[in-house]
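Below: the structure, in structure tokens.
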Amino acid sequence: MTEADAAEHLLELLDLLAGDASGERLARVLPAARAAGLRDDALDRVGRATEWALRVRRTLTAHRRREAELEALFATAGDLAGVRDTDGVLRSIVRRARMLLGADTAYLSMNEPGERGTYMRVTDGSISVRFQQLRLGMGEGLGGLVAQTARPYVTADYFADDRFHHTGTIDSAVRDEGLVAILGVPLKLGRRVIGVLYAANRSPRQFPPDEVALLSSLADHAAIALDTAHLLEETRAAGETIRAHNEAMRRAEDAHDRLTDLVLRGADVPEVAAAVAKVLDGGIVVHDSEGVELARIGAAHTLAPPAAVTASRAGGRAVPHDGTWVCAVLAGRELLGSIALTDRPGLADADRRLFERASVVTALLLLLRRTVAEAENKVRGELITDLLTAPDLDPAALNARARRVGVELAARHVVLVADGPRDRLPAAAAHHASARRGLAGVHGEHVVLVLPGDDPACAARDAARVLGKVAGLPVTVGAGGPAVGPGEVAAAHAEAARCLRALLLLDRRGVGGTMADLGFVGVLLGDRADVAGYVRTTLGPLLDYDASRGTELVRTVTAYFACGANLSRAKDELHVHVNTVVQRLDRVACLLGDDWQSPDRVLEVQLALRLRKVLG
């Protein structure tokens with residue numbers, strides 16, 4: 001078979017990718033090429049192209065799934081903001097929960113008065129009438145345990161899980177529905193659990209922590225919307241005696257809708273904080289879970305007291321502390337940060353509820369920000385991998401992908417390879433690179449950064465200092481470059497990796513540097529070795545002194561080493577008195593430093609003398 005036949009199969013792969021073909025269809029190309037009788041080298045190219053095509057397909061599928069989750073979350077907030085009746089709220093909750101997690105079925109149970117049990121209220125995707133009419137006592141089954149403990153529970157195989165109190169009625173209904181994997185999270189109003197929101201599959205499935213957090217955030221958001229709808233119904237029925245209360249709830253709803261609308265339009269934390277400050281007529285300060293200030297509007301620098309945040313987190317309500325109201329920003333049981341309200345010590349109950357709603361909207365915003373950041377970091381990490389493993393495969397495509405994330409590879413960049421704590425360094429590096437419009441990702445055993453600039457030494461030192469401070473442990477950084485384009489980036493990475501290995505072997509941890517900073521080691525290891533620069537760096541003071549004063553310090557040092565550091569032999573070689581040799585060597589010590597005859601310095605000086613001789 002000819003090269004043209006191999007090219008036809010490669011074009012077929014591209015055509016299938018463009019047509020959004022399935023992974024199974026892409027995988028058939030290689031067997032077809034083999035059946036067509038392609039030579040081994042052509043088959044190898046088709047095989048590698050098939051692997052790349054499948055990887056692209058998996059990446060596209062993951063991105064679409066992430067986009068679908070974000071769209072579902074936005075749609076959920078929009079639906080909840082627009083629904084006013086209780087049944088409409090419940091249907092919206094369950095439908096969106098099923099869509100958000102891609103579950104076979106979703107359902108919601110409401111607690112009975114007096115906490116005697118919880119009963120099935122709304123289902124979506126259910127096929128069993130018995131299941132739709134199920135009632136659980138407190139502590140019975142997964143849902144009863146969630147309702148009793150106010151904590152999320154998840155199981156990949158309900159019938160094999162002995163954490164739950166199995167009853168014949170519950171197990172029969174669950175078996176009739178065909179459910180296997182179940183996730184349940186509580187709907188809470190303050191300390192009170194009003195129901196349980198579930199997502200379930202009819203086959204074994206793991207629900208990772210991020211899905212638990214997403215469903216918990218939806219449940220918290222929905223519980224408040226459900227409470228709002230319920231209070232509105234009571235307000236309509238109560239008549240004249242609670243009109244003032246009705247107005248307060250209307251104001252709270254309007255504020256909630258405005259905040260939700262801000263989130264849906266892509267507002268950042270400062271914009272949401274400004275809106276909350278305006279509605280509540282006070283100062284607002286927002287911090288993340290590490291205490292880093294995210295926004296401050298109309299307030300002095302205020303750090304929410306940890307004790308107040310802990311109390312709010314435990315009670316699920318805003319708490320006062322020295323004239324400031326503090327509310328934990330939560331996604332389920334996960335603490336995302338805190339929000340503080342100043343200048344409103346006497347906060348009315350209606351405004352306190354509004355403040356608590358603001359914390360829920362802030363939680364949604366922070367969760368969306370984290371999800372988007374994780375997706376962007378994944379894209380940047382994949383780009384780093386492709387830049388370093390296949391820079392010459394399609395440079396134009398690599399440049400285009402880089403531009404989509406705000407990086408122009410046609411400009412000069414430095415490449416850094418960092419070694420440090422593996423649990424903290426990748427996130428710190430991603431933030432460091434993002435702030436400088438660069439790329440960061442894990443490659444092999446280390447973290448790689450590609451940053452705009454033409455001074456690798458300065459970039460390495462800055463990265464070692466900043467990343468070490470954020471990670472809390474020493475971070476060692478080797479640098480290469482500057483580089484322009486994918487090919488040079490890959491070459492600069494190889495140089496930076498060699499530099500990092502040398503720094504670690506020389507026990508220079510916690511610093512950043514380049515090959516030039518390693519002295520003769522850099523000359524030996526570097527693929528861009530500046531020999532003349534090394535000679536100048538090592539012998540420069542002697543060369544300048546000889547040139548300006550007509551002395552022979554370089555010749556004296558050369559003869560001194562050639563005579564095995566023997567003064568008598570050196571004075572004979574130079575035809576001068578031994579005191580003259582001693583005086584010259586004292587001058588050398590003044591120019592190069594008193595340690596110039598230490599073993600490490602002697603090696604560098606002798607190497608520089610020999611290289612100078614070679615260079616003429």
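Scheme for the structure tokens: letters A, B, ... for chains in order shown; per-chain residue numbers from 1; ligand numbers from 1 in order shown.
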
Distance query region 12-20 of chain A at most 8 Å, only C-alpha atoms, self and fewer than 5 positions along chain excluded, as a PDB file with N, CA, C and O atoms, in the first residue's frame:
ATOM      1  N   ARG A  25     -16.580   4.368  16.500  1.00  0.00           N
ATOM      2  CA  ARG A  25     -16.380   4.550  15.054  1.00  0.00           C
ATOM      3  C   ARG A  25     -14.934   4.944  14.756  1.00  0.00           C
ATOM      4  O   ARG A  25     -14.352   4.475  13.767  1.00  0.00           O
ATOM      5  N   LEU A  26     -14.335   5.810  15.599  1.00  0.00           N
ATOM      6  CA  LEU A  26     -12.941   6.193  15.396  1.00  0.00           C
ATOM      7  C   LEU A  26     -12.015   4.993  15.533  1.00  0.00           C
ATOM      8  O   LEU A  26     -11.020   4.862  14.811  1.00  0.00           O
ATOM      9  N   VAL A  29     -11.010   2.635  12.445  1.00  0.00           N
ATOM     10  CA  VAL A  29     -10.148   3.050  11.336  1.00  0.00           C
ATOM     11  C   VAL A  29      -8.880   2.196  11.277  1.00  0.00           C
ATOM     12  O   VAL A  29      -8.454   1.764  10.205  1.00  0.00           O
ATOM     13  N   ALA A  49      -2.294   8.262  15.199  1.00  0.00           N
ATOM     14  CA  ALA A  49      -3.325   9.258  14.895  1.00  0.00           C
ATOM     15  C   ALA A  49      -4.671   8.864  15.504  1.00  0.00           C
ATOM     16  O   ALA A  49      -5.432   9.715  15.963  1.00  0.00           O
ATOM     17  N   THR A  50      -4.955   7.559  15.522  1.00  0.00           N
ATOM     18  CA  THR A  50      -6.206   7.098  16.140  1.00  0.00           C
ATOM     19  C   THR A  50      -6.216   7.389  17.634  1.00  0.00           C
ATOM     20  O   THR A  50      -7.231   7.835  18.187  1.00  0.00           O
ATOM     21  N   ALA A  53      -6.873  11.008  18.060  1.00  0.00           N
ATOM     22  CA  ALA A  53      -8.272  11.319  17.754  1.00  0.00           C
ATOM     23  C   ALA A  53      -9.189  10.911  18.906  1.00  0.00           C
ATOM     24  O   ALA A  53     -10.120  11.640  19.271  1.00  0.00           O
ATOM     25  N   ARG A  57     -11.497  13.247  21.203  1.00  0.00           N
ATOM     26  CA  ARG A  57     -12.920  12.934  21.392  1.00  0.00           C
ATOM     27  C   ARG A  57     -13.277  12.929  22.878  1.00  0.00           C
ATOM     28  O   ARG A  57     -14.313  13.487  23.278  1.00  0.00           O
TER      29      ARG A  57
END

For this session: Would you mind writing down, as a ChimeraX atom specification, each residue of region 332-366 of chain A that DSSP on the backbone assigns to strand (DSSP E)?
Result: /A:334-342

For this session: Once DSSP has gone over the backbone, tell me which residues of region 317-548 of chain A are in alpha helix (DSSP H), as a PyMOL selection string.
Result: chain A and resi 349-389+395-404+425-435+456-471+485-505+520-525+531-548

Problem set entry | Spatial neighbours of region 147-156 of chain A, 10 Å, only C-alpha atoms, chain gap at least 3 places, as an MDAnalysis selection string | chainID A and resid 109:111 115:118 136:140 142:144 159:161 163:164 180:188 191:201 203:209 212:213 215:216 332:333

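Coordinates place CA of Ile384 (chain A) at a distance of 16.2 Å from CA of Ala411 (chain A).
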
For this session: Find the spatial neighbours of Ala464 (chain A), counting only C-alpha atoms, within a cut-off of 6 Å - ignore same-chain residues fewer than 4 positions away - and output them as a list in words.
Result: Gly468, Val475, Thr476, Val477, Val511 and Gly512 of chain A

For this session: For CA of Ala565 (chain A) and CA of Asp507 (chain A), quote the distance in Å rounded to one decimal.
Result: 29.8 Å

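Shortest atom-to-atom contact with Arg91 (chain A) among A:Ile127, A:Leu364, A:Val535, A:Ala222: A:Ala222, counting only C-alpha atoms.
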